[in-house]
Amino acid sequence: MLLGTGVLAGALGYPAPASAEDCATIVADAERLACYDRLAAAGKAPPPSPDRASLFGEAWALDLDSARIDLSLYQPNYILPVRYTDKVNTAPFAGSASATPGATLDDIEAKFQLSFKARVGSAFDRRLGIWLAYTQQSSWQVYNGEASRPFRETNYMPEALLIVDPKVEWGGLRWRIAGVSITHQSNGRAEPLSRSWNRVIGQFGFEHGNFAAMLRPWARIKEDPTKDDNPDITKYLGHGDLTLFYKQSEHSFNLMLRGGKGAAQLSWTSPRWLGPLRGYVQVFSGYGESLIDYNWRQTTVGAGVALNDLL
């Protein structure tokens with residue numbers, strides 16, 4: 001049967017594809033499967049699953065054979081036992097009841113993040129999904145015995161997302177994510193340390209082979225000015241961000257660029273080296289590494305381990 005397919009493909013003038021990666025760039029399902037048939041007919045190695053050929057397709061369970069109800073990791077789940085800042089932010093804690101008299105904040109602390117998402121409903125072809133997500137990020141002064149090793153900051157971010165797969169291609173660039181989310185982020189603290197905001201965030205994801213980009217413009221949902229903890233937050237954190245992702249030989253590189261007064265975060269995730277754990281390095285520079293630091297500029301470097309990368 002495969003021999004017949006190969007002869008027919010040659011008779012019709014279709015060249016055998018060079019590799020499975022060539023087939024993976026084809027958006028139309030029928031054409032992509034036909035490409036894999038020609039690859040097999042040419043006697044080359046069996047192609048990988050189309051699910052794994054798409055970074056967004058795998059991360060967001062966009063393929064037809066994925067489960068309608070899905071629970072998976074979302075943002076990177078990591079722990080950085082050592083995270084250094086070049087400029088400690090003590091300003092929010094001055095005069096606060098949370099501050100320990102005579103204590104100072106260390107420039108080295110631990111940082112970790114937990115994040116997962118669940119698809120609670122989807123169309124039969126999986127091209128439309130309703131998701132709920134939760135991300136929690138904490139900065140822990142674990143080495144600061146003078147201040148009783150407090151959690152300096154914890155941010156909580158629940159989200160509701162509507163995600164659609166447009167399945168559009170321009171010259172090999174595939175548009176796989178179009179969506180919108182309602183996102184709340186807060187640190188759950190009382191005044192004067194309380195910080196929070198609510199946003200409507202657009203989600204636009206594109207990929208080409210091992211490269212992916214996610215553009216997220218957002219609009220802040222207005223609050224009562226008398227209850228707004230941080231009325232100038234968009235001045236510092238802007239109205240959107242752009243994340244660029246590249247994966248090669250199980251190494252992942254992730255660059256986030258944010259507007260406002262500016263911020264950038266670069267991370268590297270290694271191949272698995274201890275069970276599911278990967279090495280993880282994160283560098284941040286700019287405003288808003290956490291909500292308590294939204295109007296504080298600093299450069300931080302952290303190293304540790306992660307369970308997953310972004311895609």
# chains A, B, ... in the order shown; residues from 1 in each chain; ligands from 1
call {"tool": "select_by_dssp", "arguments": {"residues": "segment 132-310 of chain A", "states": "alpha helix (DSSP H)", "output": "JSON, numbers by chain"}}
result
{"A": [233, 234, 235, 236, 237]}
call {"tool": "select_by_dssp", "arguments": {"residues": "segment 263-303 of chain A", "states": "strand (DSSP E)", "output": "PDB file with N, CA and C atoms, in the first residue's frame"}}
result
ATOM      1  N   ALA A 263      10.299  46.255  30.905  1.00  0.00           N
ATOM      2  CA  ALA A 263      10.804  45.097  31.632  1.00  0.00           C
ATOM      3  C   ALA A 263      11.122  44.009  30.625  1.00  0.00           C
ATOM      4  N   ALA A 264      12.105  43.188  30.957  1.00  0.00           N
ATOM      5  CA  ALA A 264      12.461  42.036  30.140  1.00  0.00           C
ATOM      6  C   ALA A 264      12.830  40.886  31.063  1.00  0.00           C
ATOM      7  N   GLN A 265      12.415  39.692  30.682  1.00  0.00           N
ATOM      8  CA  GLN A 265      12.782  38.497  31.443  1.00  0.00           C
ATOM      9  C   GLN A 265      13.239  37.420  30.476  1.00  0.00           C
ATOM     10  N   LEU A 266      14.441  36.920  30.709  1.00  0.00           N
ATOM     11  CA  LEU A 266      15.027  35.865  29.876  1.00  0.00           C
ATOM     12  C   LEU A 266      15.207  34.626  30.739  1.00  0.00           C
ATOM     13  N   SER A 267      14.746  33.477  30.243  1.00  0.00           N
ATOM     14  CA  SER A 267      14.917  32.236  30.997  1.00  0.00           C
ATOM     15  C   SER A 267      15.418  31.132  30.081  1.00  0.00           C
ATOM     16  N   TRP A 268      16.127  30.213  30.696  1.00  0.00           N
ATOM     17  CA  TRP A 268      16.618  29.015  30.003  1.00  0.00           C
ATOM     18  C   TRP A 268      16.192  27.795  30.794  1.00  0.00           C
ATOM     19  N   THR A 269      15.632  26.796  30.093  1.00  0.00           N
ATOM     20  CA  THR A 269      15.235  25.537  30.708  1.00  0.00           C
ATOM     21  C   THR A 269      16.013  24.416  30.039  1.00  0.00           C
ATOM     22  N   SER A 270      16.665  23.582  30.834  1.00  0.00           N
ATOM     23  CA  SER A 270      17.507  22.510  30.303  1.00  0.00           C
ATOM     24  C   SER A 270      16.677  21.274  29.971  1.00  0.00           C
ATOM     25  N   PRO A 271      17.273  20.288  29.306  1.00  0.00           N
ATOM     26  CA  PRO A 271      16.598  18.991  29.180  1.00  0.00           C
ATOM     27  C   PRO A 271      16.404  18.363  30.561  1.00  0.00           C
ATOM     28  N   ARG A 272      15.533  17.362  30.647  1.00  0.00           N
ATOM     29  CA  ARG A 272      15.329  16.666  31.926  1.00  0.00           C
ATOM     30  C   ARG A 272      16.638  16.017  32.371  1.00  0.00           C
ATOM     31  N   TRP A 273      16.971  16.185  33.641  1.00  0.00           N
ATOM     32  CA  TRP A 273      18.217  15.597  34.147  1.00  0.00           C
ATOM     33  C   TRP A 273      18.047  14.864  35.465  1.00  0.00           C
ATOM     34  N   LEU A 274      16.923  15.047  36.154  1.00  0.00           N
ATOM     35  CA  LEU A 274      16.649  14.307  37.382  1.00  0.00           C
ATOM     36  C   LEU A 274      15.157  14.013  37.416  1.00  0.00           C
ATOM     37  N   LEU A 277      12.574  16.765  36.524  1.00  0.00           N
ATOM     38  CA  LEU A 277      13.141  18.081  36.804  1.00  0.00           C
ATOM     39  C   LEU A 277      14.128  18.521  35.737  1.00  0.00           C
ATOM     40  N   ARG A 278      14.100  19.822  35.463  1.00  0.00           N
ATOM     41  CA  ARG A 278      14.999  20.448  34.507  1.00  0.00           C
ATOM     42  C   ARG A 278      15.757  21.566  35.211  1.00  0.00           C
ATOM     43  N   GLY A 279      16.954  21.852  34.739  1.00  0.00           N
ATOM     44  CA  GLY A 279      17.652  23.027  35.228  1.00  0.00           C
ATOM     45  C   GLY A 279      16.958  24.286  34.737  1.00  0.00           C
ATOM     46  N   TYR A 280      16.984  25.351  35.548  1.00  0.00           N
ATOM     47  CA  TYR A 280      16.251  26.561  35.187  1.00  0.00           C
ATOM     48  C   TYR A 280      17.025  27.785  35.661  1.00  0.00           C
ATOM     49  N   VAL A 281      17.235  28.740  34.757  1.00  0.00           N
ATOM     50  CA  VAL A 281      17.895  30.002  35.066  1.00  0.00           C
ATOM     51  C   VAL A 281      16.991  31.133  34.584  1.00  0.00           C
ATOM     52  N   GLN A 282      16.820  32.152  35.417  1.00  0.00           N
ATOM     53  CA  GLN A 282      15.932  33.270  35.095  1.00  0.00           C
ATOM     54  C   GLN A 282      16.640  34.591  35.390  1.00  0.00           C
ATOM     55  N   VAL A 283      16.586  35.501  34.413  1.00  0.00           N
ATOM     56  CA  VAL A 283      17.149  36.843  34.569  1.00  0.00           C
ATOM     57  C   VAL A 283      16.046  37.854  34.275  1.00  0.00           C
ATOM     58  N   PHE A 284      15.836  38.794  35.185  1.00  0.00           N
ATOM     59  CA  PHE A 284      14.810  39.826  35.020  1.00  0.00           C
ATOM     60  C   PHE A 284      15.447  41.194  35.181  1.00  0.00           C
ATOM     61  N   SER A 285      14.988  42.160  34.354  1.00  0.00           N
ATOM     62  CA  SER A 285      15.459  43.531  34.495  1.00  0.00           C
ATOM     63  C   SER A 285      14.324  44.482  34.130  1.00  0.00           C
ATOM     64  N   GLY A 286      14.041  45.428  35.027  1.00  0.00           N
ATOM     65  CA  GLY A 286      12.989  46.403  34.768  1.00  0.00           C
ATOM     66  C   GLY A 286      12.043  46.532  35.945  1.00  0.00           C
ATOM     67  N   TYR A 287      10.832  46.979  35.640  1.00  0.00           N
ATOM     68  CA  TYR A 287       9.813  47.212  36.664  1.00  0.00           C
ATOM     69  C   TYR A 287       8.843  46.039  36.741  1.00  0.00           C
ATOM     70  N   ARG A 297      12.477  49.524  39.965  1.00  0.00           N
ATOM     71  CA  ARG A 297      13.346  48.968  38.922  1.00  0.00           C
ATOM     72  C   ARG A 297      14.497  48.190  39.551  1.00  0.00           C
ATOM     73  N   GLN A 298      14.724  46.983  39.063  1.00  0.00           N
ATOM     74  CA  GLN A 298      15.800  46.157  39.585  1.00  0.00           C
ATOM     75  C   GLN A 298      16.209  45.134  38.538  1.00  0.00           C
ATOM     76  N   THR A 299      17.360  44.526  38.765  1.00  0.00           N
ATOM     77  CA  THR A 299      17.823  43.405  37.952  1.00  0.00           C
ATOM     78  C   THR A 299      18.051  42.227  38.881  1.00  0.00           C
ATOM     79  N   THR A 300      17.460  41.081  38.552  1.00  0.00           N
ATOM     80  CA  THR A 300      17.574  39.897  39.395  1.00  0.00           C
ATOM     81  C   THR A 300      18.070  38.719  38.571  1.00  0.00           C
ATOM     82  N   VAL A 301      18.761  37.811  39.252  1.00  0.00           N
ATOM     83  CA  VAL A 301      19.254  36.580  38.631  1.00  0.00           C
ATOM     84  C   VAL A 301      18.954  35.437  39.589  1.00  0.00           C
ATOM     85  N   GLY A 302      18.321  34.378  39.082  1.00  0.00           N
ATOM     86  CA  GLY A 302      17.993  33.227  39.911  1.00  0.00           C
ATOM     87  C   GLY A 302      18.300  31.924  39.198  1.00  0.00           C
ATOM     88  N   ALA A 303      18.600  30.875  39.967  1.00  0.00           N
ATOM     89  CA  ALA A 303      18.891  29.561  39.392  1.00  0.00           C
ATOM     90  C   ALA A 303      18.239  28.488  40.249  1.00  0.00           C
TER      91      ALA A 303
END
call {"tool": "closest_atom_pairs", "arguments": {"of": "segment 102-175 of chain A", "to": "segment 191-213 of chain A", "cutoff": "7 Å", "atoms": "only C-alpha atoms", "output": "tab-separated table"}}
result
residue	atom	partner	partner_atom	distance
A:Gly172	CA	A:His208	CA	6.2
A:Leu173	CA	A:His208	CA	5.0
A:Arg174	CA	A:Glu207	CA	5.3
A:Trp175	CA	A:Phe206	CA	4.5
call {"tool": "closest_residue", "arguments": {"among": "A:Ile292, A:Ala133, A:Met256, A:Leu237", "to": "Ala91 of chain A", "atoms": "only C-alpha atoms"}}
result
A:Ile292
call {"tool": "atom_distance", "arguments": {"atom1": "atom CA of Tyr74 of chain A", "atom2": "atom CA of Leu242 of chain A"}}
result
16.8 Å
call {"tool": "residues_around", "arguments": {"residues": "Ser115 of chain A", "least_positions_apart": "4", "cutoff": "6 Å", "atoms": "only C-alpha atoms", "output": "compact mmCIF listing (two decimals) with C-alpha atoms, in the first residue's frame"}}
result
# COMPACT_ATOMS: atom_id res chain seq x y z
CA TYR A 74 0.42 26.36 32.58
CA GLN A 75 3.17 28.88 33.23
CA ASN A 77 6.50 25.67 37.60
CA TYR A 134 -4.24 29.68 38.45
CA THR A 135 -0.70 30.96 39.00
call {"tool": "residues_around", "arguments": {"residues": "Ala160 of chain A", "least_positions_apart": "4", "cutoff": "8 Å", "atoms": "only C-alpha atoms", "output": "list in words"}}
result
Ile130, Trp131, Leu132, Ala133, Ser181, Ile182 and Thr183 of chain A
call {"tool": "closest_residue", "arguments": {"among": "A:Ser122, A:Ser72, A:Phe56, A:Gln137", "to": "Ala178 of chain A", "atoms": "only C-alpha atoms"}}
result
A:Phe56
call {"tool": "residues_around", "arguments": {"residues": "Glu109 of chain A", "least_positions_apart": "4", "cutoff": "8 Å", "atoms": "only C-alpha atoms", "output": "PDB file with C-alpha atoms, in the first residue's frame"}}
result
ATOM      1  CA  PRO A  81      16.636  28.431  45.838  1.00  0.00           C
ATOM      2  CA  VAL A  82      18.903  31.386  45.083  1.00  0.00           C
ATOM      3  CA  ARG A  83      17.639  34.619  43.540  1.00  0.00           C
ATOM      4  CA  TYR A  84      19.785  37.796  43.771  1.00  0.00           C
ATOM      5  CA  SER A 139       9.427  35.519  47.069  1.00  0.00           C
ATOM      6  CA  TRP A 140      10.755  34.094  50.331  1.00  0.00           C
ATOM      7  CA  GLN A 141      13.414  35.663  52.563  1.00  0.00           C
ATOM      8  CA  VAL A 142      14.414  32.177  53.639  1.00  0.00           C
ATOM      9  CA  TYR A 143      17.990  33.159  54.548  1.00  0.00           C
TER      10      TYR A 143
END
call {"tool": "residues_around", "arguments": {"residues": "Pro150 of chain A", "least_positions_apart": "3", "cutoff": "12 Å", "atoms": "only C-alpha atoms", "output": "PyMOL selection string"}}
result
chain A and resi 98-100+103-106+109-110+138-147+153-154
call {"tool": "write_last_selection", "arguments": {"atoms": "N, CA and C atoms", "output": "compact mmCIF listing (two decimals), in the first residue's frame"}}
result
# COMPACT_ATOMS: atom_id res chain seq x y z
N SER A 98 4.10 45.06 59.22
CA SER A 98 4.67 43.79 58.78
C SER A 98 6.19 43.77 58.91
N ALA A 99 6.78 44.96 59.08
CA ALA A 99 8.23 45.02 59.16
C ALA A 99 8.69 44.72 60.58
N THR A 100 9.76 43.97 60.69
CA THR A 100 10.33 43.66 61.99
C THR A 100 11.28 44.78 62.39
N ALA A 103 15.12 45.03 61.47
CA ALA A 103 15.44 44.04 60.46
C ALA A 103 15.56 44.69 59.09
N THR A 104 16.35 44.07 58.24
CA THR A 104 16.49 44.53 56.87
C THR A 104 16.15 43.37 55.93
N LEU A 105 15.92 43.69 54.65
CA LEU A 105 15.67 42.66 53.66
C LEU A 105 16.99 42.24 53.02
N ASP A 106 17.16 40.94 52.83
CA ASP A 106 18.35 40.42 52.16
C ASP A 106 18.25 40.61 50.66
N GLU A 109 17.32 35.76 48.14
CA GLU A 109 16.16 35.06 48.68
C GLU A 109 15.81 33.90 47.78
N ALA A 110 14.74 33.18 48.09
CA ALA A 110 14.23 32.11 47.23
C ALA A 110 12.98 32.60 46.52
N SER A 138 5.84 33.33 44.61
CA SER A 138 6.24 33.76 45.95
C SER A 138 7.72 34.11 46.00
N SER A 139 8.05 35.13 46.78
CA SER A 139 9.43 35.52 47.07
C SER A 139 9.64 35.35 48.57
N TRP A 140 10.60 34.54 48.94
CA TRP A 140 10.76 34.09 50.33
C TRP A 140 12.13 34.47 50.86
N GLN A 141 12.16 35.28 51.91
CA GLN A 141 13.41 35.66 52.56
C GLN A 141 13.90 34.54 53.48
N VAL A 142 14.14 33.38 52.88
CA VAL A 142 14.41 32.18 53.64
C VAL A 142 15.75 32.25 54.38
N TYR A 143 16.68 33.07 53.90
CA TYR A 143 17.99 33.16 54.55
C TYR A 143 18.05 34.31 55.55
N ASN A 144 16.94 35.01 55.75
CA ASN A 144 16.91 36.20 56.60
C ASN A 144 16.44 35.83 58.00
N GLY A 145 17.35 35.28 58.80
CA GLY A 145 16.99 34.89 60.15
C GLY A 145 16.65 36.07 61.04
N GLU A 146 17.25 37.24 60.77
CA GLU A 146 16.99 38.43 61.58
C GLU A 146 15.52 38.84 61.52
N ALA A 147 14.89 38.63 60.35
CA ALA A 147 13.49 39.00 60.17
C ALA A 147 12.55 37.80 60.27
N GLU A 153 6.73 38.51 49.53
CA GLU A 153 5.62 38.80 48.62
C GLU A 153 5.09 37.51 48.02
N THR A 154 3.77 37.40 47.92
CA THR A 154 3.13 36.31 47.18
C THR A 154 2.04 36.92 46.31
call {"tool": "atom_distance", "arguments": {"atom1": "atom CA of Ala53 of chain A", "atom2": "atom CA of Met214 of chain A"}}
result
17.4 Å
call {"tool": "residues_around", "arguments": {"residues": "Tyr294 of chain A", "least_positions_apart": "3", "cutoff": "8 Å", "atoms": "only C-alpha atoms", "output": "VMD selection string"}}
result
chain A and resid 233 236 to 237 287 to 291
call {"tool": "write_last_selection", "arguments": {"atoms": "N, CA and C atoms", "output": "tab-separated table (two decimals), in the first residue's frame"}}
result
chain	number	residue	atom	x	y	z
A	233	ILE	N	-0.45	51.81	38.03
A	233	ILE	CA	0.23	50.57	37.67
A	233	ILE	C	0.47	50.43	36.17
A	236	TYR	N	3.67	51.87	34.76
A	236	TYR	CA	4.89	51.07	34.91
A	236	TYR	C	4.83	49.74	34.16
A	237	LEU	N	3.66	49.10	34.14
A	237	LEU	CA	3.55	47.79	33.51
A	237	LEU	C	2.91	47.83	32.12
A	287	TYR	N	10.83	46.98	35.64
A	287	TYR	CA	9.81	47.21	36.66
A	287	TYR	C	8.84	46.04	36.74
A	288	GLY	N	8.38	45.75	37.97
A	288	GLY	CA	7.25	44.83	38.13
A	288	GLY	C	7.57	43.36	38.11
A	289	GLU	N	8.67	42.94	38.73
A	289	GLU	CA	8.89	41.50	38.84
A	289	GLU	C	7.80	40.86	39.69
A	290	SER	N	7.29	41.61	40.67
A	290	SER	CA	6.14	41.20	41.46
A	290	SER	C	5.28	42.44	41.69
A	291	LEU	N	4.08	42.26	42.23
A	291	LEU	CA	3.18	43.41	42.41
A	291	LEU	C	3.74	44.42	43.41
call {"tool": "atom_distance", "arguments": {"atom1": "atom CA of Glu159 of chain A", "atom2": "atom CA of Phe116 of chain A"}}
result
10.5 Å
call {"tool": "decode", "arguments": {"residues": "segment 205-278 of chain A", "atoms": "C-alpha atoms", "output": "JSON list (two decimals), in the first residue's frame"}}
result
[["chain", "number", "residue", "atom", "x", "y", "z"],
["A", 205, "GLY", "CA", -0.04, 32.87, 19.51],
["A", 206, "PHE", "CA", 2.05, 32.17, 16.39],
["A", 207, "GLU", "CA", 4.63, 29.49, 15.64],
["A", 208, "HIS", "CA", 7.09, 28.36, 12.99],
["A", 209, "GLY", "CA", 8.89, 25.09, 13.63],
["A", 210, "ASN", "CA", 10.69, 25.38, 16.96],
["A", 211, "PHE", "CA", 9.92, 29.09, 17.33],
["A", 212, "ALA", "CA", 6.77, 30.57, 18.90],
["A", 213, "ALA", "CA", 5.55, 34.04, 19.85],
["A", 214, "MET", "CA", 2.71, 35.12, 22.13],
["A", 215, "LEU", "CA", 1.38, 38.68, 21.96],
["A", 216, "ARG", "CA", -0.86, 39.78, 24.83],
["A", 217, "PRO", "CA", -2.37, 43.29, 24.73],
["A", 218, "TRP", "CA", -4.45, 44.16, 27.79],
["A", 219, "ALA", "CA", -6.81, 46.76, 29.19],
["A", 220, "ARG", "CA", -7.15, 47.35, 32.90],
["A", 221, "ILE", "CA", -10.65, 47.13, 34.34],
["A", 222, "LYS", "CA", -11.25, 50.41, 36.15],
["A", 223, "GLU", "CA", -11.70, 50.42, 39.92],
["A", 224, "ASP", "CA", -13.20, 52.83, 42.41],
["A", 225, "PRO", "CA", -10.44, 55.47, 42.79],
["A", 226, "THR", "CA", -10.98, 55.51, 46.56],
["A", 227, "LYS", "CA", -10.19, 51.77, 46.74],
["A", 228, "ASP", "CA", -7.43, 51.54, 44.10],
["A", 229, "ASP", "CA", -4.20, 50.28, 45.71],
["A", 230, "ASN", "CA", -2.04, 51.17, 42.70],
["A", 231, "PRO", "CA", -3.73, 53.71, 40.37],
["A", 232, "ASP", "CA", -0.55, 54.25, 38.33],
["A", 233, "ILE", "CA", 0.23, 50.57, 37.67],
["A", 234, "THR", "CA", -0.26, 50.79, 33.89],
["A", 235, "LYS", "CA", 2.29, 53.62, 33.81],
["A", 236, "TYR", "CA", 4.89, 51.07, 34.91],
["A", 237, "LEU", "CA", 3.55, 47.79, 33.51],
["A", 238, "GLY", "CA", 2.05, 49.18, 30.31],
["A", 239, "HIS", "CA", -0.71, 47.71, 28.18],
["A", 240, "GLY", "CA", 0.75, 44.43, 26.99],
["A", 241, "ASP", "CA", 3.69, 42.09, 26.61],
["A", 242, "LEU", "CA", 5.37, 39.93, 23.97],
["A", 243, "THR", "CA", 6.90, 36.54, 24.73],
["A", 244, "LEU", "CA", 9.30, 34.84, 22.31],
["A", 245, "PHE", "CA", 10.01, 31.12, 22.73],
["A", 246, "TYR", "CA", 12.57, 28.84, 21.07],
["A", 247, "LYS", "CA", 13.12, 25.14, 21.66],
["A", 248, "GLN", "CA", 16.03, 23.08, 20.36],
["A", 249, "SER", "CA", 17.19, 19.61, 21.50],
["A", 250, "GLU", "CA", 15.03, 19.92, 24.65],
["A", 251, "HIS", "CA", 16.68, 23.23, 25.58],
["A", 252, "SER", "CA", 14.12, 26.06, 25.86],
["A", 253, "PHE", "CA", 14.75, 29.79, 25.72],
["A", 254, "ASN", "CA", 12.05, 32.28, 26.68],
["A", 255, "LEU", "CA", 12.20, 36.08, 26.35],
["A", 256, "MET", "CA", 9.40, 38.28, 27.73],
["A", 257, "LEU", "CA", 9.28, 41.98, 26.78],
["A", 258, "ARG", "CA", 6.80, 44.30, 28.51],
["A", 259, "GLY", "CA", 5.69, 47.88, 27.82],
["A", 260, "GLY", "CA", 5.17, 50.79, 30.20],
["A", 261, "LYS", "CA", 8.46, 51.85, 31.74],
["A", 262, "GLY", "CA", 9.87, 48.59, 30.47],
["A", 263, "ALA", "CA", 10.80, 45.10, 31.63],
["A", 264, "ALA", "CA", 12.46, 42.04, 30.14],
["A", 265, "GLN", "CA", 12.78, 38.50, 31.44],
["A", 266, "LEU", "CA", 15.03, 35.87, 29.88],
["A", 267, "SER", "CA", 14.92, 32.24, 31.00],
["A", 268, "TRP", "CA", 16.62, 29.02, 30.00],
["A", 269, "THR", "CA", 15.23, 25.54, 30.71],
["A", 270, "SER", "CA", 17.51, 22.51, 30.30],
["A", 271, "PRO", "CA", 16.60, 18.99, 29.18],
["A", 272, "ARG", "CA", 15.33, 16.67, 31.93],
["A", 273, "TRP", "CA", 18.22, 15.60, 34.15],
["A", 274, "LEU", "CA", 16.65, 14.31, 37.38],
["A", 275, "GLY", "CA", 13.37, 12.55, 36.73],
["A", 276, "PRO", "CA", 10.95, 15.25, 35.50],
["A", 277, "LEU", "CA", 13.14, 18.08, 36.80],
["A", 278, "ARG", "CA", 15.00, 20.45, 34.51]]
